[in-house]
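Colleague: Right, I'll just put the structure down here and ask away after.
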Amino acid sequence: MTPQFVKILDVPFINTTRAAFIQTLQNRIEKKEKTFVVTANPEIVMASLNDPVYKKTLEKADFITADGIGVVKAAQLVGQPLPERVSGFDMMMDLLEVANDKHYRIFFLGAADHVLQETLAKVKSDYPGIQIAGAQNGFFDWKDPVLPQMIKDSKPDLVFVALGFPRQENWIGGHIGQFDQGVFIGIGGSFDVFSGNVKRAPDAWVKLNLEWFYRLVKQPSRWRRMLVLPKFALTVIQKKALNKR
(Lines give C-alpha, C1' and ligand atoms only; values in the text may rest on other atoms or scores of the structure.)
Protein backbone atom coordinates (compact mmCIF):
# COMPACT_ATOMS: atom_id res chain seq x y z
CA MET A 1 0.00 0.00 0.00
CA THR A 2 1.39 3.40 -0.97
CA PRO A 3 2.03 5.55 2.12
CA GLN A 4 0.00 8.73 2.33
CA PHE A 5 3.00 10.62 3.68
CA VAL A 6 6.76 10.25 3.27
CA LYS A 7 8.92 11.49 6.13
CA ILE A 8 12.16 13.25 5.26
CA LEU A 9 14.13 14.17 8.39
CA ASP A 10 10.87 14.00 10.35
CA VAL A 11 8.96 16.31 7.98
CA PRO A 12 5.88 14.50 6.54
CA PHE A 13 5.49 15.20 2.82
CA ILE A 14 2.21 14.28 1.17
CA ASN A 15 2.72 11.48 -1.33
CA THR A 16 0.79 12.83 -4.29
CA THR A 17 0.98 14.12 -7.81
CA ARG A 18 0.42 17.79 -8.51
CA ALA A 19 -2.86 17.14 -10.32
CA ALA A 20 -4.21 14.96 -7.51
CA PHE A 21 -3.23 17.52 -4.89
CA ILE A 22 -4.97 20.34 -6.75
CA GLN A 23 -8.10 18.20 -6.73
CA THR A 24 -7.67 17.65 -2.99
CA LEU A 25 -7.48 21.41 -2.42
CA GLN A 26 -10.48 22.02 -4.67
CA ASN A 27 -12.50 19.51 -2.65
CA ARG A 28 -11.54 21.27 0.58
CA ILE A 29 -12.48 24.66 -0.87
CA GLU A 30 -15.89 23.34 -1.88
CA LYS A 31 -16.42 22.03 1.66
CA LYS A 32 -15.03 25.28 3.14
CA GLU A 33 -12.43 23.30 5.08
CA LYS A 34 -9.75 25.65 6.38
CA THR A 35 -6.37 24.40 5.16
CA PHE A 36 -2.71 25.30 5.79
CA VAL A 37 -0.31 24.23 3.02
CA VAL A 38 3.49 24.43 3.27
CA THR A 39 5.55 24.10 0.10
CA ALA A 40 8.83 22.85 1.53
CA ASN A 41 12.30 22.72 -0.02
CA PRO A 42 15.51 21.44 1.64
CA GLU A 43 16.05 24.85 3.27
CA ILE A 44 12.75 24.54 5.11
CA VAL A 45 13.47 20.97 6.18
CA MET A 46 16.85 21.97 7.60
CA ALA A 47 15.31 24.95 9.39
CA SER A 48 12.86 22.57 11.08
CA LEU A 49 15.83 20.60 12.45
CA ASN A 50 17.54 23.67 13.88
CA ASP A 51 14.57 25.75 15.08
CA PRO A 52 12.06 24.06 17.45
CA VAL A 53 9.60 26.96 17.11
CA TYR A 54 9.61 26.70 13.33
CA LYS A 55 9.23 22.93 13.63
CA LYS A 56 6.04 23.46 15.65
CA THR A 57 4.78 25.81 12.94
CA LEU A 58 5.22 23.08 10.32
CA GLU A 59 3.37 20.66 12.58
CA LYS A 60 0.30 22.91 12.29
CA ALA A 61 0.19 22.42 8.52
CA ASP A 62 -2.47 20.18 7.02
CA PHE A 63 -0.23 19.37 4.05
CA ILE A 64 3.47 19.76 3.23
CA THR A 65 4.43 19.37 -0.43
CA ALA A 66 7.80 18.66 -2.02
CA ASP A 67 8.80 22.05 -3.45
CA GLY A 68 12.29 21.16 -4.59
CA ILE A 69 13.98 18.36 -6.48
CA GLY A 70 16.24 17.83 -3.45
CA VAL A 71 13.26 16.58 -1.46
CA VAL A 72 12.19 14.25 -4.28
CA LYS A 73 15.72 12.82 -4.51
CA ALA A 74 15.85 12.39 -0.73
CA ALA A 75 12.59 10.42 -0.82
CA GLN A 76 14.14 8.09 -3.40
CA LEU A 77 17.17 7.69 -1.16
CA VAL A 78 15.10 6.59 1.84
CA GLY A 79 13.20 4.10 -0.30
CA GLN A 80 9.84 5.88 -0.33
CA PRO A 81 9.80 7.79 -3.63
CA LEU A 82 7.54 10.76 -4.22
CA PRO A 83 6.01 10.95 -7.72
CA GLU A 84 7.06 14.53 -8.50
CA ARG A 85 7.67 18.06 -7.27
CA VAL A 86 4.60 19.96 -6.16
CA SER A 87 5.91 23.52 -6.12
CA GLY A 88 4.29 26.69 -4.88
CA PHE A 89 4.47 28.49 -8.23
CA ASP A 90 3.04 25.56 -10.18
CA MET A 91 0.22 25.17 -7.67
CA MET A 92 -0.55 28.87 -7.83
CA MET A 93 -0.87 28.67 -11.61
CA ASP A 94 -3.08 25.57 -11.42
CA LEU A 95 -5.27 27.13 -8.74
CA LEU A 96 -5.67 30.33 -10.75
CA GLU A 97 -7.11 28.22 -13.56
CA VAL A 98 -9.48 26.44 -11.18
CA ALA A 99 -10.46 29.69 -9.48
CA ASN A 100 -11.17 31.33 -12.82
CA ASP A 101 -13.51 28.48 -13.75
CA LYS A 102 -15.19 28.26 -10.33
CA HIS A 103 -15.25 32.02 -9.62
CA TYR A 104 -13.36 31.57 -6.35
CA ARG A 105 -12.45 34.46 -4.09
CA ILE A 106 -8.68 34.97 -3.63
CA PHE A 107 -6.79 37.18 -1.19
CA PHE A 108 -3.24 38.12 -2.26
CA LEU A 109 -0.72 38.77 0.52
CA GLY A 110 2.94 39.67 0.10
CA ALA A 111 5.68 41.06 -2.16
CA ALA A 112 6.64 44.68 -2.80
CA ASP A 113 3.67 46.91 -3.55
CA HIS A 114 4.51 47.43 -7.24
CA VAL A 115 4.86 43.66 -7.69
CA LEU A 116 1.56 43.06 -5.93
CA GLN A 117 -0.24 45.65 -8.08
CA GLU A 118 1.21 44.15 -11.28
CA THR A 119 0.11 40.71 -10.08
CA LEU A 120 -3.44 41.91 -9.45
CA ALA A 121 -3.58 43.62 -12.86
CA LYS A 122 -2.45 40.41 -14.60
CA VAL A 123 -5.00 38.34 -12.67
CA LYS A 124 -7.79 40.72 -13.68
CA SER A 125 -6.66 40.56 -17.30
CA ASP A 126 -5.91 36.85 -17.66
CA TYR A 127 -8.39 35.35 -15.18
CA PRO A 128 -11.55 37.49 -15.31
CA GLY A 129 -13.59 34.84 -13.53
CA ILE A 130 -11.61 35.25 -10.30
CA GLN A 131 -13.03 37.42 -7.56
CA ILE A 132 -10.22 39.37 -5.86
CA ALA A 133 -11.22 39.28 -2.20
CA GLY A 134 -8.48 41.69 -1.18
CA ALA A 135 -4.75 42.33 -1.18
CA GLN A 136 -1.92 43.53 1.07
CA ASN A 137 1.77 43.92 0.27
CA GLY A 138 4.41 42.26 2.40
CA PHE A 139 5.24 45.34 4.45
CA PHE A 140 2.85 45.51 7.37
CA ASP A 141 2.81 45.52 11.17
CA TRP A 142 2.92 41.85 12.19
CA LYS A 143 1.03 42.57 15.43
CA ASP A 144 -1.69 44.72 13.87
CA PRO A 145 -5.02 42.83 14.11
CA VAL A 146 -6.48 44.74 11.16
CA LEU A 147 -5.00 42.47 8.45
CA PRO A 148 -6.26 39.13 9.85
CA GLN A 149 -9.69 40.65 10.39
CA MET A 150 -9.70 42.06 6.85
CA ILE A 151 -8.89 38.61 5.45
CA LYS A 152 -11.54 36.95 7.62
CA ASP A 153 -14.19 39.47 6.56
CA SER A 154 -13.34 38.96 2.87
CA LYS A 155 -14.36 35.26 3.12
CA PRO A 156 -11.65 33.99 0.76
CA ASP A 157 -11.57 30.56 -0.82
CA LEU A 158 -7.80 30.90 -1.35
CA VAL A 159 -5.12 33.01 0.32
CA PHE A 160 -1.78 33.19 -1.49
CA VAL A 161 0.88 34.19 1.04
CA ALA A 162 4.06 35.39 -0.69
CA LEU A 163 6.16 36.51 2.27
CA GLY A 164 9.08 34.14 1.70
CA PHE A 165 10.53 31.55 4.07
CA PRO A 166 10.18 31.53 7.09
CA ARG A 167 7.85 34.53 7.37
CA GLN A 168 5.01 33.06 5.35
CA GLU A 169 4.85 29.82 7.35
CA ASN A 170 5.14 31.68 10.65
CA TRP A 171 2.44 34.17 9.65
CA ILE A 172 -0.02 31.49 8.55
CA GLY A 173 0.76 29.28 11.54
CA GLY A 174 0.37 32.19 13.94
CA HIS A 175 -2.98 33.35 12.53
CA ILE A 176 -4.70 30.29 11.07
CA GLY A 177 -6.83 29.88 14.18
CA GLN A 178 -8.50 33.24 13.55
CA PHE A 179 -10.04 32.22 10.23
CA ASP A 180 -13.21 30.30 9.41
CA GLN A 181 -12.37 29.16 5.89
CA GLY A 182 -9.82 29.29 3.08
CA VAL A 183 -6.82 27.41 1.72
CA PHE A 184 -3.74 29.28 2.95
CA ILE A 185 -0.63 28.45 0.94
CA GLY A 186 2.90 29.84 1.18
CA ILE A 187 4.22 30.54 -2.31
CA GLY A 188 7.52 32.38 -1.77
CA GLY A 189 8.49 34.67 -4.64
CA SER A 190 5.72 33.51 -6.98
CA PHE A 191 4.22 36.99 -7.39
CA ASP A 192 7.59 38.24 -8.65
CA VAL A 193 7.69 35.51 -11.29
CA PHE A 194 4.01 35.75 -12.20
CA SER A 195 4.22 39.54 -12.67
CA GLY A 196 7.33 39.22 -14.84
CA ASN A 197 9.69 40.96 -12.42
CA VAL A 198 11.74 37.77 -12.04
CA LYS A 199 12.30 35.34 -14.91
CA ARG A 200 11.62 31.70 -14.20
CA ALA A 201 14.01 29.05 -15.49
CA PRO A 202 13.30 27.92 -19.07
CA ASP A 203 11.37 24.65 -19.40
CA ALA A 204 14.50 22.77 -20.46
CA TRP A 205 16.24 23.67 -17.20
CA VAL A 206 13.14 22.70 -15.19
CA LYS A 207 12.90 19.31 -16.93
CA LEU A 208 16.56 18.66 -16.12
CA ASN A 209 15.91 19.57 -12.48
CA LEU A 210 18.37 22.45 -12.76
CA GLU A 211 16.00 25.27 -11.87
CA TRP A 212 17.99 25.87 -8.67
CA PHE A 213 21.20 26.31 -10.70
CA TYR A 214 19.51 28.73 -13.10
CA ARG A 215 18.39 30.85 -10.15
CA LEU A 216 21.92 30.81 -8.77
CA VAL A 217 23.35 31.96 -12.11
CA LYS A 218 20.81 34.77 -12.32
CA GLN A 219 21.14 35.70 -8.64
CA PRO A 220 24.70 34.91 -7.48
CA SER A 221 23.88 36.45 -4.09
CA ARG A 222 21.89 33.28 -3.36
CA TRP A 223 25.07 31.19 -3.02
CA ARG A 224 25.00 31.24 0.77
CA ARG A 225 21.46 29.87 0.77
CA MET A 226 22.47 27.18 -1.71
CA LEU A 227 24.97 25.80 0.82
CA VAL A 228 22.03 24.16 2.58
CA LEU A 229 21.64 21.69 -0.32
CA PRO A 230 24.78 19.61 0.34
CA LYS A 231 24.11 19.83 4.10
CA PHE A 232 20.60 18.51 3.53
CA ALA A 233 21.84 15.64 1.34
CA LEU A 234 24.53 14.68 3.87
CA THR A 235 22.05 14.74 6.75
CA VAL A 236 19.62 12.47 4.88
CA ILE A 237 22.44 10.03 4.06
CA GLN A 238 23.67 10.02 7.66
CA LYS A 239 20.19 9.35 9.04
CA LYS A 240 19.66 6.53 6.54
CA ALA A 241 22.97 4.97 7.64
CA LEU A 242 21.99 5.22 11.33
CA ASN A 243 18.61 3.60 10.67
CA LYS A 244 20.35 0.62 9.04
CA ARG A 245 22.40 -0.14 12.13
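All residue names refer to the C-alpha coordinates as shown: chains lettered A, B, ... in order, residues numbered from 1 in each chain, ligands numbered from 1 in order.
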Near Asp90 (chain A), counting only C-alpha atoms, which residues have an atom at most 12 Å away, once you skip same-chain residues fewer than 4 positions from it, shown as a short mmCIF file (atom, residue, chain, number, x, y, z; two decimals) with N, CA, C and O atoms, in the first residue's frame?

Modeller:
```cif
data_model
loop_
_atom_site.label_atom_id
_atom_site.label_comp_id
_atom_site.auth_asym_id
_atom_site.auth_seq_id
_atom_site.Cartn_x
_atom_site.Cartn_y
_atom_site.Cartn_z
N THR A 17 0.62 13.38 -6.61
CA THR A 17 0.98 14.12 -7.81
C THR A 17 0.42 15.53 -7.69
O THR A 17 -0.47 15.80 -6.88
N ARG A 18 0.91 16.41 -8.52
CA ARG A 18 0.42 17.79 -8.51
C ARG A 18 -1.07 17.84 -8.86
O ARG A 18 -1.85 18.52 -8.17
N ALA A 19 -1.47 17.12 -9.89
CA ALA A 19 -2.86 17.14 -10.32
C ALA A 19 -3.79 16.62 -9.22
O ALA A 19 -4.86 17.19 -8.97
N PHE A 21 -3.21 16.61 -6.03
CA PHE A 21 -3.23 17.52 -4.89
C PHE A 21 -4.12 18.74 -5.17
O PHE A 21 -4.83 19.22 -4.28
N ILE A 22 -4.08 19.23 -6.38
CA ILE A 22 -4.97 20.34 -6.75
C ILE A 22 -6.42 19.93 -6.57
O ILE A 22 -7.25 20.70 -6.07
N THR A 39 4.79 24.61 1.24
CA THR A 39 5.55 24.10 0.10
C THR A 39 7.02 24.11 0.53
O THR A 39 7.64 25.15 0.58
N THR A 65 4.10 19.91 0.89
CA THR A 65 4.43 19.37 -0.43
C THR A 65 5.92 19.51 -0.73
O THR A 65 6.61 20.35 -0.15
N ALA A 66 6.39 18.69 -1.65
CA ALA A 66 7.80 18.66 -2.02
C ALA A 66 8.11 19.75 -3.05
O ALA A 66 8.02 19.53 -4.25
N ASP A 67 8.45 20.93 -2.55
CA ASP A 67 8.80 22.05 -3.45
C ASP A 67 10.32 22.08 -3.57
O ASP A 67 10.99 22.87 -2.93
N GLY A 68 10.84 21.22 -4.41
CA GLY A 68 12.29 21.16 -4.59
C GLY A 68 12.72 19.77 -4.98
O GLY A 68 12.28 18.78 -4.38
N GLU A 84 6.57 13.35 -7.82
CA GLU A 84 7.06 14.53 -8.50
C GLU A 84 7.11 15.71 -7.54
O GLU A 84 6.59 15.64 -6.42
N ARG A 85 7.72 16.81 -8.01
CA ARG A 85 7.67 18.06 -7.27
C ARG A 85 6.24 18.61 -7.30
O ARG A 85 5.53 18.47 -8.28
N VAL A 86 5.88 19.24 -6.21
CA VAL A 86 4.60 19.96 -6.16
C VAL A 86 4.93 21.35 -5.61
O VAL A 86 4.87 21.61 -4.42
N ASP A 94 -1.97 26.52 -11.29
CA ASP A 94 -3.08 25.57 -11.42
C ASP A 94 -4.33 26.10 -10.71
O ASP A 94 -5.44 26.00 -11.23
N LEU A 95 -4.13 26.66 -9.52
CA LEU A 95 -5.27 27.13 -8.74
C LEU A 95 -5.90 28.38 -9.35
O LEU A 95 -7.11 28.60 -9.20
N LEU A 96 -5.10 29.19 -10.04
CA LEU A 96 -5.67 30.33 -10.75
C LEU A 96 -6.62 29.85 -11.84
O LEU A 96 -7.69 30.44 -12.05
N GLU A 97 -6.24 28.79 -12.52
CA GLU A 97 -7.11 28.22 -13.56
C GLU A 97 -8.42 27.71 -12.95
O GLU A 97 -9.51 27.97 -13.48
N ILE A 187 3.76 30.70 -0.93
CA ILE A 187 4.22 30.54 -2.31
C ILE A 187 5.50 31.32 -2.60
O ILE A 187 5.85 31.54 -3.76
N GLY A 188 6.23 31.75 -1.56
CA GLY A 188 7.52 32.38 -1.77
C GLY A 188 7.49 33.56 -2.70
O GLY A 188 6.68 34.47 -2.58
N GLY A 189 8.38 33.55 -3.71
CA GLY A 189 8.49 34.67 -4.64
C GLY A 189 7.64 34.53 -5.89
O GLY A 189 7.97 35.09 -6.94
N SER A 190 6.54 33.80 -5.79
CA SER A 190 5.72 33.51 -6.98
C SER A 190 5.11 34.76 -7.61
O SER A 190 4.94 34.81 -8.83
N PHE A 191 4.77 35.77 -6.81
CA PHE A 191 4.22 36.99 -7.39
C PHE A 191 5.25 37.67 -8.28
O PHE A 191 4.91 38.24 -9.32
N VAL A 193 7.60 36.25 -10.03
CA VAL A 193 7.69 35.51 -11.29
C VAL A 193 6.44 35.73 -12.13
O VAL A 193 6.51 36.02 -13.33
N PHE A 194 5.28 35.60 -11.50
CA PHE A 194 4.01 35.75 -12.20
C PHE A 194 3.88 37.12 -12.86
O PHE A 194 3.40 37.24 -13.99
N ARG A 200 11.50 33.08 -14.63
CA ARG A 200 11.62 31.70 -14.20
C ARG A 200 12.54 30.94 -15.15
O ARG A 200 12.70 31.32 -16.31
N VAL A 206 14.06 23.29 -16.16
CA VAL A 206 13.14 22.70 -15.19
C VAL A 206 13.08 21.19 -15.38
O VAL A 206 13.13 20.42 -14.42
#
```

Colleague: Which is closest to Phe36 (chain A) among A:Phe89, A:Phe63, A:Phe139, A:Phe5, if we use only C-alpha atoms?

Modeller: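 Looking only at the distances to Phe36 (chain A), the closest residue turns out to be A:Phe63.
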
Colleague: Could you give me, as an NGL selection string, the residues within 12 Å of Ala111 (chain A), counting only C-alpha atoms and dropping anything in the same chain fewer than 6 positions from it?

Modeller: :A and (117-120 or 135-140 or 160-164 or 167-168 or 187-195 or 197)

Colleague: Between CA of Pro230 (chain A) and CA of Pro12 (chain A), what is the distance, to one decimal in Å?

Modeller: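 Pair CA of Pro230 (chain A) / CA of Pro12 (chain A) returns 20.5 Å.
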